[in-house]
Each structure stands twice: as structure tokens, then as C-alpha cells.
Amino acid sequence: EPEVTQTPSHQVTQMGQEVILRCVPISNHLYFYWYRQILGQKVEFLVSFYNNEISEKSEIFDDQFSVERPDGSNFTLKIRSTKLEDSAMYFCASSAQGVVTEAFFGQGTRLTVV
Amino acid sequence: QKEVEQNSGPLSVPEGAIASLNCTYSDRGSQSFFWYRQYSGKSPELIMSIYSNGDKEDGRFTAQLNKASQYVSLLIRDSQPSDSATYLCAVYPPGSGNTGKLIFGQGTTLQVKP
């Protein structure tokens with residue numbers, strides 16, 4: 001069964017360092033997303049990406065964040081200068097279409113900023 | 001402010017009973033509705049989607065949608081200990097366009113006791 005895969009599963013980084021979280025969406029899907037979940041809190045939308053550009057981003061997704069689809073299969077989230085409050089589970093998701101279809105989530109990357 | 005509200009629980013039911021999980025949403029024009037299951041430390045796993053008023057059944061799961069009351073529910077029949085997890089309600093609000101931005105509730109923790 002097709003699935004969204006994310007690497008690494010766990011990333012520890014020092015405050016101020018750059019991190020790149022990687023995702024391989026389901027192959028025939030067109031819409032890609034990043035969500036995050038701080039421990040004990042709701043799953044929060046960060047950004048959606050379609051046709052090689054950002055469709056929508058939340059207020060969380062500030063200038064420290066960027067996304068890229070560098071090679072037609074990978075979808076990456078970069079955080080330029082990590083803060084302690086960026087510590088969270090980051091989930092990549094994809095859907096065949098946008099609003100009318102189901103989004104499937106990867107297993108997540110646990111980011112710990114120390 | 002677009003809101004999706006769930007009782008955080010825990011909801012405790014005996015094995016074999018029916019578990020009833022409820023969700024309300026604030027934005028009347030909301031479109032697609034989804035139930036995800038999330039085990040502790042894991043990613044959201046899609047269980048059901050529902051798009052129109054009424055009931056939708058899939059195995060032991062039934063989703064119910066009432067757009068007039070802005071209410072969506074999930075029934076789990078013959079609950080099993082393996083159903084013990086947090087159940088997340090997610091909604092595409094109006095204005096999502098084709099971005100596929102999901103709004104999640106905080107989740108209801110279900111405990112099924114053997």
C-alpha cells in the first residue's frame with residue numbers, strides 16, 4: 001500500500017542551527033503538506049504546496065521556514081535557525097487532490113531543539 | 001476563528017461496547033470531514049471521510065454528519081482494546097480553496113477496557 005515516508009524519524013539539533021526534514025509523498029499525489037504537533041497539543045497546519053508553489057501557509061510558517069520539492073519526488077521542510085519552541089513532531093502529508101480528497105500522513109519526524 | 005471542538009476525554013468503554021465520539025465545528029460552510037486515529041507518539045491514521053449529511057459505514061466504524069447542527073460523530077461498534085487511541089476530528093473549512101488545509105480538533109482519548 002502506498003505511503004508517505006519521512007526521514008529522519010528523530011532529529012536533535014542545537015538552537016540556531018538549520019534543519020531539513022525530508023518527505024517522499026505518495027507517488028500520484030499532487031498536494032503536499034506539512035503539519036506539526038507540539039507535545040500534548042493539536043495537530044497544526046503549516047503549509048500546503050501544489051504545482052511547485054506554496055498554496056497556503058499559516059501564521060506559524062514565518063520567514064524561518066521554507067519548503068521545496070527539489071527533484072520531483074522529495075518534499076522538504078527547512079527551518080533556518082531553530083528555536084526551542086520549534087521542538088515538535090512534524091508530519092508530512094499528501095493528497096491526490098486538495099479539499100475533496102483524503103490526506104495521508106507520514107510517520108513524522110520528532111524534532112528536538114536543545 | 002475556525003474551530004473544531006472535541007471532548008478530550010478520556011472516554012472509557014468496556015470491550016465489545018459501542019464508543020461514541022463527537023465533534024463540533026464553528027464554520028457553517030465547512031466541507032469535507034475526516035476522522036483520524038492517533039496512537040501515542042505516532043502519526044494520524046485516516047479512518048473515515050464523510051462529505052454529505054447522514055451516515056457512512058465502514059466495517060465497525062460509522063461516521064455521522066449533520067451540517068445543520070455543525071456536528072460530526074464517529075461510532076465504533078464492538079470496541080476492542082486495540083481501538084484505544086486518540087481520535088482526531090478534522091475539517092476543511094470554507095476558504096480552503098484547493099489548498100487542502102485541515103483544521104484539527106484536540107482529539108478524544110478512547111480507552112477500551114478488557
# chains A, B, ... in the order shown; residues from 1 in each chain; ligands from 1

call {"tool": "residues_around", "arguments": {"residues": "range 27-36 of chain A", "least_positions_apart": "2", "cutoff": "7 Å", "atoms": "only C-alpha atoms", "output": "list in words"}}
result
Pro25, Ile38, Val43, Glu44, Phe45, Leu46, Val47, Ser48, Phe49, Tyr50, Ala88, Met89, Tyr90, Phe91, Cys92, Ala93, Ser94, Ser95, Ala96, Gln97 and Gly98 of chain A

call {"tool": "write_last_selection", "arguments": {"atoms": "C-alpha atoms", "output": "PDB file, in the first residue's frame"}}
result
ATOM      1  CA  PRO A  25       4.788  11.777  -0.724  1.00  0.00           C
ATOM      2  CA  ILE A  38       3.719  20.138  19.857  1.00  0.00           C
ATOM      3  CA  VAL A  43      -2.100  18.997  15.035  1.00  0.00           C
ATOM      4  CA  GLU A  44      -1.478  22.375  13.353  1.00  0.00           C
ATOM      5  CA  PHE A  45      -1.296  23.213   9.665  1.00  0.00           C
ATOM      6  CA  LEU A  46       1.943  24.803   8.487  1.00  0.00           C
ATOM      7  CA  VAL A  47       1.895  24.918   4.700  1.00  0.00           C
ATOM      8  CA  SER A  48       0.395  23.414   1.578  1.00  0.00           C
ATOM      9  CA  PHE A  49       2.212  23.032  -1.727  1.00  0.00           C
ATOM     10  CA  TYR A  50       0.818  22.442  -5.185  1.00  0.00           C
ATOM     11  CA  ALA A  88       7.570  19.203  17.936  1.00  0.00           C
ATOM     12  CA  MET A  89       6.518  16.302  15.763  1.00  0.00           C
ATOM     13  CA  TYR A  90       6.488  17.355  12.126  1.00  0.00           C
ATOM     14  CA  PHE A  91       4.178  15.453   9.827  1.00  0.00           C
ATOM     15  CA  CYS A  92       4.265  15.465   6.071  1.00  0.00           C
ATOM     16  CA  ALA A  93       1.011  14.612   4.279  1.00  0.00           C
ATOM     17  CA  SER A  94      -0.174  14.284   0.731  1.00  0.00           C
ATOM     18  CA  SER A  95      -3.473  14.062  -1.085  1.00  0.00           C
ATOM     19  CA  ALA A  96      -4.483  13.240  -4.626  1.00  0.00           C
ATOM     20  CA  GLN A  97      -6.424  16.461  -4.869  1.00  0.00           C
ATOM     21  CA  GLY A  98      -6.960  19.222  -2.359  1.00  0.00           C
TER      22      GLY A  98
END

call {"tool": "interface_residues", "arguments": {"of": "chain A", "to": "chain B", "cutoff": "7 Å", "atoms": "only C-alpha atoms", "output": "list in words"}}
result
Gln41, Lys42, Val43, Phe45, Ser48, Ser55, Glu56, Gly98, Val99, Val100, Phe104, Phe105, Gly106, Gln107 and Gly108 of chain A

call {"tool": "write_last_selection", "arguments": {"atoms": "N, CA, C and O atoms", "output": "tab-separated table (two decimals), in the first residue's frame"}}
result
chain	number	residue	atom	x	y	z
A	41	GLN	N	-0.53	18.88	22.27
A	41	GLN	CA	-1.36	19.89	21.64
A	41	GLN	C	-1.96	19.37	20.33
A	41	GLN	O	-1.73	18.24	19.92
A	42	LYS	N	-2.74	20.23	19.69
A	42	LYS	CA	-3.41	19.87	18.44
A	42	LYS	C	-2.41	19.73	17.29
A	42	LYS	O	-1.33	20.32	17.32
A	43	VAL	N	-2.81	19.00	16.30
A	43	VAL	CA	-2.10	19.00	15.03
A	43	VAL	C	-2.39	20.34	14.34
A	43	VAL	O	-3.55	20.73	14.18
A	45	PHE	N	-1.70	23.03	11.06
A	45	PHE	CA	-1.30	23.21	9.66
A	45	PHE	C	-0.14	24.20	9.58
A	45	PHE	O	-0.15	25.25	10.23
A	48	SER	N	0.79	24.32	2.66
A	48	SER	CA	0.39	23.41	1.58
A	48	SER	C	1.12	23.83	0.31
A	48	SER	O	1.47	25.01	0.13
A	55	SER	N	0.62	26.97	-1.72
A	55	SER	CA	-0.78	27.33	-1.90
A	55	SER	C	-1.28	28.18	-0.74
A	55	SER	O	-2.04	29.12	-0.93
A	56	GLU	N	-0.90	27.77	0.45
A	56	GLU	CA	-1.32	28.49	1.64
A	56	GLU	C	-0.32	28.22	2.74
A	56	GLU	O	0.28	27.14	2.79
A	98	GLY	N	-7.01	18.42	-3.56
A	98	GLY	CA	-6.96	19.22	-2.36
A	98	GLY	C	-8.11	18.91	-1.42
A	98	GLY	O	-8.13	17.91	-0.72
A	99	VAL	N	-9.11	19.77	-1.47
A	99	VAL	CA	-10.16	19.75	-0.47
A	99	VAL	C	-11.01	18.51	-0.53
A	99	VAL	O	-11.49	18.03	0.48
A	100	VAL	N	-11.19	17.97	-1.69
A	100	VAL	CA	-12.20	16.92	-1.82
A	100	VAL	C	-11.67	15.53	-1.55
A	100	VAL	O	-12.41	14.56	-1.61
A	104	PHE	N	-3.13	11.76	3.58
A	104	PHE	CA	-2.45	10.67	4.26
A	104	PHE	C	-1.14	11.20	4.85
A	104	PHE	O	-0.39	11.91	4.17
A	105	PHE	N	-0.90	10.79	6.08
A	105	PHE	CA	0.22	11.34	6.83
A	105	PHE	C	1.39	10.37	6.87
A	105	PHE	O	1.19	9.14	6.95
A	106	GLY	N	2.59	10.93	6.86
A	106	GLY	CA	3.78	10.15	7.13
A	106	GLY	C	3.90	9.87	8.61
A	106	GLY	O	3.11	10.36	9.43
A	107	GLN	N	4.93	9.10	8.98
A	107	GLN	CA	5.08	8.67	10.37
A	107	GLN	C	5.64	9.76	11.26
A	107	GLN	O	5.64	9.62	12.48
A	108	GLY	N	6.12	10.85	10.67
A	108	GLY	CA	6.55	12.00	11.44
A	108	GLY	C	8.04	12.03	11.73
A	108	GLY	O	8.72	10.99	11.71

call {"tool": "residues_around", "arguments": {"residues": "Val72 in chain B", "least_positions_apart": "5", "cutoff": "9 Å", "atoms": "only C-alpha atoms", "output": "list in words"}}
result
Leu21, Asn22, Cys23, Thr24, Tyr25, Phe33, Ile50, Ala63, Gln64, Leu65, Asn66, Lys67 and Cys89 of chain B

call {"tool": "closest_residue", "arguments": {"among": "B:Thr86, B:Pro81, B:Ser69, B:Pro114", "to": "Gly29 in chain B", "atoms": "only C-alpha atoms"}}
result
B:Ser69

call {"tool": "select_by_dssp", "arguments": {"residues": "range 69-110 of chain B", "states": "strand (DSSP E)", "output": "list in words"}}
result
Tyr71, Val72, Ser73, Leu74, Leu75, Ile76, Ala85, Thr86, Tyr87, Leu88, Cys89, Ala90, Val91, Ile103, Phe104, Thr108, Thr109 and Leu110 of chain B

call {"tool": "write_last_selection", "arguments": {"atoms": "N, CA and C atoms", "output": "compact mmCIF listing (two decimals), in the first residue's frame"}}
result
# COMPACT_ATOMS: atom_id res chain seq x y z
N TYR B 71 -22.13 19.29 13.29
CA TYR B 71 -21.82 18.18 14.20
C TYR B 71 -21.43 16.97 13.37
N VAL B 72 -20.34 16.34 13.78
CA VAL B 72 -19.93 15.10 13.14
C VAL B 72 -19.52 14.13 14.24
N SER B 73 -19.87 12.88 14.07
CA SER B 73 -19.57 11.90 15.11
C SER B 73 -18.99 10.63 14.49
N LEU B 74 -18.40 9.84 15.34
CA LEU B 74 -17.84 8.55 14.95
C LEU B 74 -18.31 7.52 15.97
N LEU B 75 -18.94 6.47 15.47
CA LEU B 75 -19.33 5.34 16.31
C LEU B 75 -18.40 4.17 16.01
N ILE B 76 -17.93 3.55 17.07
CA ILE B 76 -17.12 2.34 16.93
C ILE B 76 -17.87 1.21 17.60
N ALA B 85 -6.94 4.74 21.69
CA ALA B 85 -6.12 5.71 20.97
C ALA B 85 -6.78 7.08 21.13
N THR B 86 -6.18 8.09 20.54
CA THR B 86 -6.81 9.40 20.45
C THR B 86 -7.42 9.56 19.07
N TYR B 87 -8.66 9.98 19.03
CA TYR B 87 -9.38 10.13 17.77
C TYR B 87 -9.51 11.61 17.44
N LEU B 88 -9.00 11.97 16.28
CA LEU B 88 -8.95 13.35 15.85
C LEU B 88 -10.01 13.61 14.79
N CYS B 89 -10.76 14.65 15.02
CA CYS B 89 -11.71 15.13 14.03
C CYS B 89 -11.01 16.23 13.21
N ALA B 90 -11.17 16.21 11.92
CA ALA B 90 -10.51 17.21 11.06
C ALA B 90 -11.49 17.69 10.00
N VAL B 91 -11.40 18.96 9.67
CA VAL B 91 -12.38 19.62 8.81
C VAL B 91 -11.65 20.50 7.80
N ILE B 103 -8.22 21.64 9.50
CA ILE B 103 -8.26 22.13 10.87
C ILE B 103 -8.60 20.94 11.77
N PHE B 104 -7.76 20.68 12.76
CA PHE B 104 -7.93 19.54 13.65
C PHE B 104 -8.52 19.97 14.98
N THR B 108 -10.11 13.15 21.10
CA THR B 108 -10.72 12.47 22.24
C THR B 108 -9.96 11.18 22.48
N THR B 109 -9.51 11.01 23.71
CA THR B 109 -8.80 9.77 24.06
C THR B 109 -9.81 8.70 24.43
N LEU B 110 -9.75 7.59 23.75
CA LEU B 110 -10.63 6.45 23.99
C LEU B 110 -9.85 5.35 24.69

call {"tool": "residues_around", "arguments": {"residues": "Phe75 in chain A", "least_positions_apart": "4", "cutoff": "6 Å", "atoms": "only C-alpha atoms", "output": "PyMOL selection string"}}
result
chain A and resi 23+68-69
